[in-house]
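S.K.: Okay, here's the structure, questions in a sec.
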2 protein chains.
Amino acid sequence: MALERVTSHIDAFKEAALTCPLPPAVELIGEKWAFLILRGALNGLQHFEEFQAGLGIARNILSDRLGRLVAGEILERTPDPDDGRRVIYGLTAKGEALLPVVLALRQWSEEWGHGKARVVLVDRRDGRPIRRICVQAEDGRELTLDDLMWAKPEDAAAARQGQAA
Amino acid sequence: MALERVTSHIDAFKEAALTCPLPPAVELIGEKWAFLILRGALNGLQHFEEFQAGLGIARNILSDRLGRLVAGEILERTPDPDDGRRVIYGLTAKGEALLPVVLALRQWSEEWGHGKARVVLVDRRDGRPIRRICVQAEDGRELTLDDLMWAKPEDAAAARQGQAA
DNA sequence: CATTTGCGTTTTCTTTTGCAACTGAATAAT
DNA sequence: ATTATTCAGTTGCAAAAGAAAACGCAAATG
């Protein structure tokens, strides 16, 4: 994701894309329903019928997406102990770790005019709203696109500019 | 996106979903190609052919997606002053504001085993890697799902627990 | 002026989606 | 115990979306 107007632009991008971790992630949750199911799960939805009624999704699609999310280890299927025909779709740790992604998108959406929600997320401890999610330097400064560049891990560890290979 | 196991679960969710800003955002960039185009743009890709060659996307789909991103004001079309047949697809401020979303997903993906990239993003100023994107309380503490709850804006402003209406 | 390049659109074919009805097991009601 | 209902899917078919290649057109290039 860089920001250098590199010379061999396309090839450099293609080269980088080969090991970019984004495509598999996009494959998993970069899809309308998968993402909305994830939002539902973060909101506490757990059962097939809850997702179905809550999202208004077709049953076959829901079935398919839940299966993919389970295969991707974002959700976990467990039989409901209280009712043998129910299945609980619970978030795994990996699934919960998507919270920043969902919230970042939500905040962006709110900030850029896709409608304001009537509720805000607050820190349970003191009831104060959470911060806006942003890109930060090691010392906490907020960074924008222009403040960033790519580096090879070794160079970054050495913690100086570092010329690319 | 909450975290309270509410009683009237589904209805509460549906109610909240009505004003949730996420669906429109998902409609715009919650799609494989749209998201990968966005990544490309953040990486400095600008022209139709660059996206096409860089992503290996079908031309008609690319044309459609670029159109949607422009309509959604994430990209901006401007004729290239150096070459009249070229069009520059540049990020708008709204588009650039998606950086945290893309990076959060990227970091998640890297962290959860979808492949490590060979380059890392660093602060141009000192060459040190950026922080992991996370949800933070007002004081900077990192928050997880369990630390969060929904509140109405007024209550949050008052900055104490706040009983729901 | 002929050719190539950039940016699409059109066309054709394949895949995915959406909807409704159906199955089959586990509970709940009578 | 029998019947009915709920949950979690599956199946079949029409409609929409996707991929690949061909076509069009304006701007540059030789």
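Each chain of the structure tokens is named A, B, ... in the order shown, its residues numbered from 1; ligands are numbered from 1 in display order.
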Least-squares fit on all C-alpha atoms, paired in order: put chain A onto chain B and return it as a short mmCIF file (atom, residue, chain, number, x, y, z; two decimals) with C-alpha atoms, in the first residue's frame.

M.R.:
data_model
loop_
_atom_site.label_atom_id
_atom_site.label_comp_id
_atom_site.auth_asym_id
_atom_site.auth_seq_id
_atom_site.Cartn_x
_atom_site.Cartn_y
_atom_site.Cartn_z
CA MET A 1 -21.86 -3.57 16.95
CA ALA A 2 -22.49 -4.36 20.42
CA LEU A 3 -21.66 -6.71 22.83
CA GLU A 4 -24.54 -6.64 25.18
CA ARG A 5 -26.50 -9.83 25.03
CA VAL A 6 -29.71 -7.88 24.75
CA THR A 7 -33.05 -9.47 25.40
CA SER A 8 -34.95 -8.55 22.29
CA HIS A 9 -31.77 -9.34 20.35
CA ILE A 10 -32.96 -9.59 16.78
CA ASP A 11 -35.39 -6.70 16.86
CA ALA A 12 -32.86 -4.52 18.59
CA PHE A 13 -30.36 -5.42 15.95
CA LYS A 14 -32.77 -4.78 13.11
CA GLU A 15 -33.71 -1.49 14.65
CA ALA A 16 -30.06 -0.51 14.96
CA ALA A 17 -29.33 -1.75 11.47
CA LEU A 18 -31.79 0.73 10.04
CA THR A 19 -29.51 3.64 10.80
CA CYS A 20 -26.25 1.75 10.78
CA PRO A 21 -23.84 3.43 8.43
CA LEU A 22 -22.12 0.20 7.50
CA PRO A 23 -24.35 -1.23 4.76
CA PRO A 24 -23.86 1.64 2.31
CA ALA A 25 -20.12 1.48 2.88
CA VAL A 26 -20.12 -2.26 2.35
CA GLU A 27 -22.10 -1.74 -0.81
CA LEU A 28 -19.37 0.54 -2.07
CA ILE A 29 -16.14 -1.14 -1.12
CA GLY A 30 -17.23 -4.44 0.36
CA GLU A 31 -16.54 -6.24 -2.83
CA LYS A 32 -13.42 -7.98 -3.94
CA TRP A 33 -12.52 -5.84 -6.90
CA ALA A 34 -13.59 -2.52 -5.49
CA PHE A 35 -11.42 -3.16 -2.49
CA LEU A 36 -8.45 -4.29 -4.51
CA ILE A 37 -8.78 -1.26 -6.75
CA LEU A 38 -8.73 0.85 -3.64
CA ARG A 39 -5.59 -0.89 -2.49
CA GLY A 40 -4.07 -0.22 -5.91
CA ALA A 41 -4.98 3.43 -5.70
CA LEU A 42 -3.42 3.72 -2.26
CA ASN A 43 -0.36 2.15 -3.81
CA GLY A 44 -0.18 4.75 -6.47
CA LEU A 45 -1.94 3.15 -9.40
CA GLN A 46 -3.73 5.74 -11.46
CA HIS A 47 -4.65 4.64 -14.95
CA PHE A 48 -7.12 2.18 -16.34
CA GLU A 49 -4.43 0.04 -17.90
CA GLU A 50 -2.42 0.03 -14.70
CA PHE A 51 -5.30 -1.35 -12.71
CA GLN A 52 -6.11 -3.79 -15.44
CA ALA A 53 -2.60 -5.14 -15.71
CA GLY A 54 -1.89 -4.90 -12.01
CA LEU A 55 -4.98 -6.68 -10.80
CA GLY A 56 -5.75 -8.96 -13.71
CA ILE A 57 -9.34 -7.84 -13.69
CA ALA A 58 -11.66 -8.04 -16.69
CA ARG A 59 -11.98 -4.74 -18.48
CA ASN A 60 -15.72 -4.46 -18.23
CA ILE A 61 -15.68 -5.17 -14.51
CA LEU A 62 -12.90 -2.68 -14.00
CA SER A 63 -14.84 -0.10 -15.93
CA ASP A 64 -17.90 -0.74 -13.82
CA ARG A 65 -16.06 -0.65 -10.49
CA LEU A 66 -14.14 2.48 -11.32
CA GLY A 67 -17.44 4.09 -12.20
CA ARG A 68 -18.95 3.11 -8.88
CA LEU A 69 -15.97 4.31 -6.92
CA VAL A 70 -16.13 7.61 -8.75
CA ALA A 71 -19.86 7.83 -8.10
CA GLY A 72 -19.13 7.08 -4.45
CA GLU A 73 -16.57 9.88 -4.43
CA ILE A 74 -13.72 7.62 -3.47
CA LEU A 75 -11.97 8.17 -6.75
CA GLU A 76 -11.88 11.17 -9.00
CA ARG A 77 -11.51 11.17 -12.74
CA THR A 78 -9.33 13.78 -14.33
CA PRO A 79 -7.96 13.83 -17.86
CA ASP A 80 -4.23 13.34 -17.90
CA PRO A 81 -2.65 16.64 -18.98
CA ASP A 82 0.34 14.80 -20.45
CA ASP A 83 -1.70 12.47 -22.60
CA GLY A 84 -5.18 13.31 -23.70
CA ARG A 85 -6.43 9.78 -24.03
CA ARG A 86 -5.50 8.88 -20.50
CA VAL A 87 -7.68 9.36 -17.48
CA ILE A 88 -6.25 9.68 -14.02
CA TYR A 89 -8.18 7.96 -11.27
CA GLY A 90 -7.03 9.74 -8.16
CA LEU A 91 -8.08 9.25 -4.57
CA THR A 92 -10.31 11.89 -3.07
CA ALA A 93 -9.96 12.90 0.57
CA LYS A 94 -12.80 10.54 1.28
CA GLY A 95 -10.90 7.78 -0.46
CA GLU A 96 -7.70 8.47 1.41
CA ALA A 97 -9.63 8.31 4.62
CA LEU A 98 -10.11 4.63 3.99
CA LEU A 99 -6.45 4.01 4.73
CA PRO A 100 -7.08 2.85 8.30
CA VAL A 101 -9.64 0.37 7.08
CA VAL A 102 -7.33 -1.12 4.51
CA LEU A 103 -4.41 -1.23 6.89
CA ALA A 104 -6.44 -2.72 9.69
CA LEU A 105 -7.54 -5.51 7.42
CA ARG A 106 -4.03 -5.97 6.17
CA GLN A 107 -2.63 -6.22 9.65
CA TRP A 108 -5.32 -8.63 10.69
CA SER A 109 -4.61 -10.75 7.70
CA GLU A 110 -0.92 -10.81 8.37
CA GLU A 111 -1.40 -11.54 12.02
CA TRP A 112 -3.75 -14.43 11.44
CA GLY A 113 -1.77 -16.36 8.97
CA HIS A 114 -2.87 -15.22 5.56
CA GLY A 115 0.72 -14.69 4.56
CA LYS A 116 3.35 -12.21 5.55
CA ALA A 117 4.36 -9.48 3.21
CA ARG A 118 7.99 -8.83 2.52
CA VAL A 119 7.65 -5.14 3.22
CA VAL A 120 6.32 -3.20 6.16
CA LEU A 121 4.89 0.27 6.39
CA VAL A 122 7.07 2.68 8.27
CA ASP A 123 6.89 6.26 9.36
CA ARG A 124 8.82 8.15 6.72
CA ARG A 125 10.17 10.49 9.34
CA ASP A 126 12.14 7.94 11.33
CA GLY A 127 11.78 4.71 9.41
CA ARG A 128 10.10 2.96 12.29
CA PRO A 129 7.15 0.64 11.73
CA ILE A 130 3.69 1.96 12.37
CA ARG A 131 1.64 0.75 15.27
CA ARG A 132 -0.87 -1.99 15.07
CA ILE A 133 -4.24 -0.44 14.50
CA CYS A 134 -6.59 -1.03 17.38
CA VAL A 135 -9.62 0.22 19.22
CA GLN A 136 -8.66 2.71 21.89
CA ALA A 137 -10.31 4.37 24.82
CA GLU A 138 -10.12 8.10 25.07
CA ASP A 139 -6.99 7.77 27.19
CA GLY A 140 -5.31 5.45 24.69
CA ARG A 141 -5.86 2.12 26.40
CA GLU A 142 -6.53 -0.68 23.95
CA LEU A 143 -10.07 -1.99 24.14
CA THR A 144 -11.52 -5.35 23.25
CA LEU A 145 -15.04 -6.42 22.52
CA ASP A 146 -15.84 -6.94 26.18
CA ASP A 147 -14.81 -3.44 27.13
CA LEU A 148 -17.39 -1.89 24.87
CA MET A 149 -21.03 -1.07 24.99
CA TRP A 150 -23.48 1.06 23.09
CA ALA A 151 -24.76 4.34 24.43
CA LYS A 152 -26.86 7.15 23.17
CA PRO A 153 -24.76 10.17 22.24
CA GLU A 154 -26.24 12.33 25.02
CA ASP A 155 -25.38 9.79 27.63
CA ALA A 156 -21.89 9.38 26.28
CA ALA A 157 -21.41 13.12 26.40
CA ALA A 158 -22.51 13.10 30.00
CA ALA A 159 -19.78 10.50 30.33
CA ARG A 160 -21.35 8.07 32.77
CA GLN A 161 -22.88 4.66 32.34
CA GLY A 162 -26.24 5.86 31.04
CA GLN A 163 -29.18 3.52 30.90
CA ALA A 164 -30.60 2.77 27.49
CA ALA A 165 -34.06 4.09 26.67
#

S.K.: Show me a table, sorted first by chain and then by increasing residue number, of the residues of chain D having an atom at most 10 Å from chain B, each with its shortest atom pair and the distance in Å to one decimal, counting only C-alpha atoms (C1' of nucleotides) and written as a tab-separated table.

M.R.:
residue	atom	partner	partner_atom	distance
D:DA17	C1'	B:Ile61	CA	9.9
D:DG18	C1'	B:Ile61	CA	7.9
D:DA19	C1'	B:Ala58	CA	6.4
D:DA20	C1'	B:Ala58	CA	7.4
D:DA26	C1'	B:Arg85	CA	7.1
D:DA27	C1'	B:Arg85	CA	5.2
D:DA28	C1'	B:Asp83	CA	7.6

S.K.: So that I have them on file, write out the residues from the current selection with N, CA and C atoms (P, O5', C5', C4', C3', O3' and C1' of nucleotides), as a short mmCIF file (atom, residue, chain, number, x, y, z; two decimals), in the first residue's frame.

M.R.:
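File written: result_32.cif
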data_model
loop_
_atom_site.label_atom_id
_atom_site.label_comp_id
_atom_site.auth_asym_id
_atom_site.auth_seq_id
_atom_site.Cartn_x
_atom_site.Cartn_y
_atom_site.Cartn_z
P DA D 17 -27.14 -7.33 -10.88
"O5'" DA D 17 -25.77 -8.16 -10.93
"C5'" DA D 17 -25.45 -9.04 -9.85
"C4'" DA D 17 -24.20 -9.84 -10.20
"C3'" DA D 17 -23.05 -9.00 -10.73
"O3'" DA D 17 -21.89 -9.34 -9.98
"C1'" DA D 17 -23.48 -10.82 -12.18
P DG D 18 -20.49 -8.63 -10.27
"O5'" DG D 18 -19.72 -9.74 -11.11
"C5'" DG D 18 -19.32 -10.93 -10.46
"C4'" DG D 18 -18.65 -11.85 -11.45
"C3'" DG D 18 -17.46 -11.23 -12.18
"O3'" DG D 18 -16.28 -11.96 -11.90
"C1'" DG D 18 -18.97 -12.27 -13.71
P DA D 19 -14.91 -11.52 -12.57
"O5'" DA D 19 -14.88 -12.42 -13.88
"C5'" DA D 19 -14.55 -13.80 -13.78
"C4'" DA D 19 -14.27 -14.36 -15.16
"C3'" DA D 19 -13.07 -13.73 -15.86
"O3'" DA D 19 -12.33 -14.77 -16.48
"C1'" DA D 19 -15.00 -13.47 -17.20
P DA D 20 -10.94 -14.42 -17.17
"O5'" DA D 20 -11.23 -14.42 -18.74
"C5'" DA D 20 -12.23 -15.28 -19.28
"C4'" DA D 20 -12.25 -15.16 -20.80
"C3'" DA D 20 -11.02 -14.50 -21.41
"O3'" DA D 20 -10.74 -15.14 -22.64
"C1'" DA D 20 -12.95 -13.21 -21.89
P DA D 26 -14.79 9.74 -32.04
"O5'" DA D 26 -13.97 10.72 -31.10
"C5'" DA D 26 -14.00 10.57 -29.68
"C4'" DA D 26 -12.58 10.62 -29.13
"C3'" DA D 26 -11.69 11.67 -29.78
"O3'" DA D 26 -11.15 12.50 -28.76
"C1'" DA D 26 -10.60 9.57 -29.72
P DA D 27 -10.23 13.74 -29.09
"O5'" DA D 27 -8.80 13.16 -28.74
"C5'" DA D 27 -8.56 12.73 -27.40
"C4'" DA D 27 -7.16 12.19 -27.31
"C3'" DA D 27 -6.09 13.15 -27.80
"O3'" DA D 27 -5.02 13.09 -26.87
"C1'" DA D 27 -5.93 11.11 -28.98
P DA D 28 -3.76 13.99 -27.04
"O5'" DA D 28 -2.75 13.02 -27.76
"C5'" DA D 28 -1.59 12.63 -27.05
"C4'" DA D 28 -0.97 11.41 -27.69
"C3'" DA D 28 0.35 11.73 -28.40
"O3'" DA D 28 1.32 10.82 -27.93
"C1'" DA D 28 -1.11 10.54 -29.84
#

S.K.: Which residues of chain C are close to chain A, meaning at most 10 Å apart when you count only C-alpha atoms (C1' of nucleotides), and how do they look as a PDB file with C-alpha atoms (C1' of nucleotides), in the first residue's frame?

M.R.:
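After the write, out.pdb holds the following:
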ATOM      1  C1'  DT C  17     -27.410 -15.116  -6.518  1.00  0.00           C
ATOM      2  C1'  DG C  18     -32.156 -14.913  -4.922  1.00  0.00           C
ATOM      3  C1'  DC C  19     -36.450 -16.962  -3.910  1.00  0.00           C
ATOM      4  C1'  DA C  25     -34.004 -34.013  12.879  1.00  0.00           C
ATOM      5  C1'  DA C  26     -35.107 -32.135  17.689  1.00  0.00           C
ATOM      6  C1'  DT C  27     -38.336 -30.080  20.569  1.00  0.00           C
TER       7       DT C  27
END

S.K.: Among the residues of segment 35-114 of chain A, find those DSSP assigns to strand (DSSP E or B) from the backbone and print them as a list in words.

M.R.: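 Matching residues, listed in order: Leu75, Glu76, Arg77, Thr78, Pro79, Val87, Ile88, Tyr89, Gly90 and Leu91 of chain A.
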
S.K.: I'd like the neighbourhood of DG24 of chain D as a ChimeraX atom specification, where a residue qualifies if any of its atoms comes within 10 Å (using only C-alpha atoms (C1' of nucleotides)), though same-chain residues fewer than 3 positions away should be ignored.

M.R.: /C:8-10
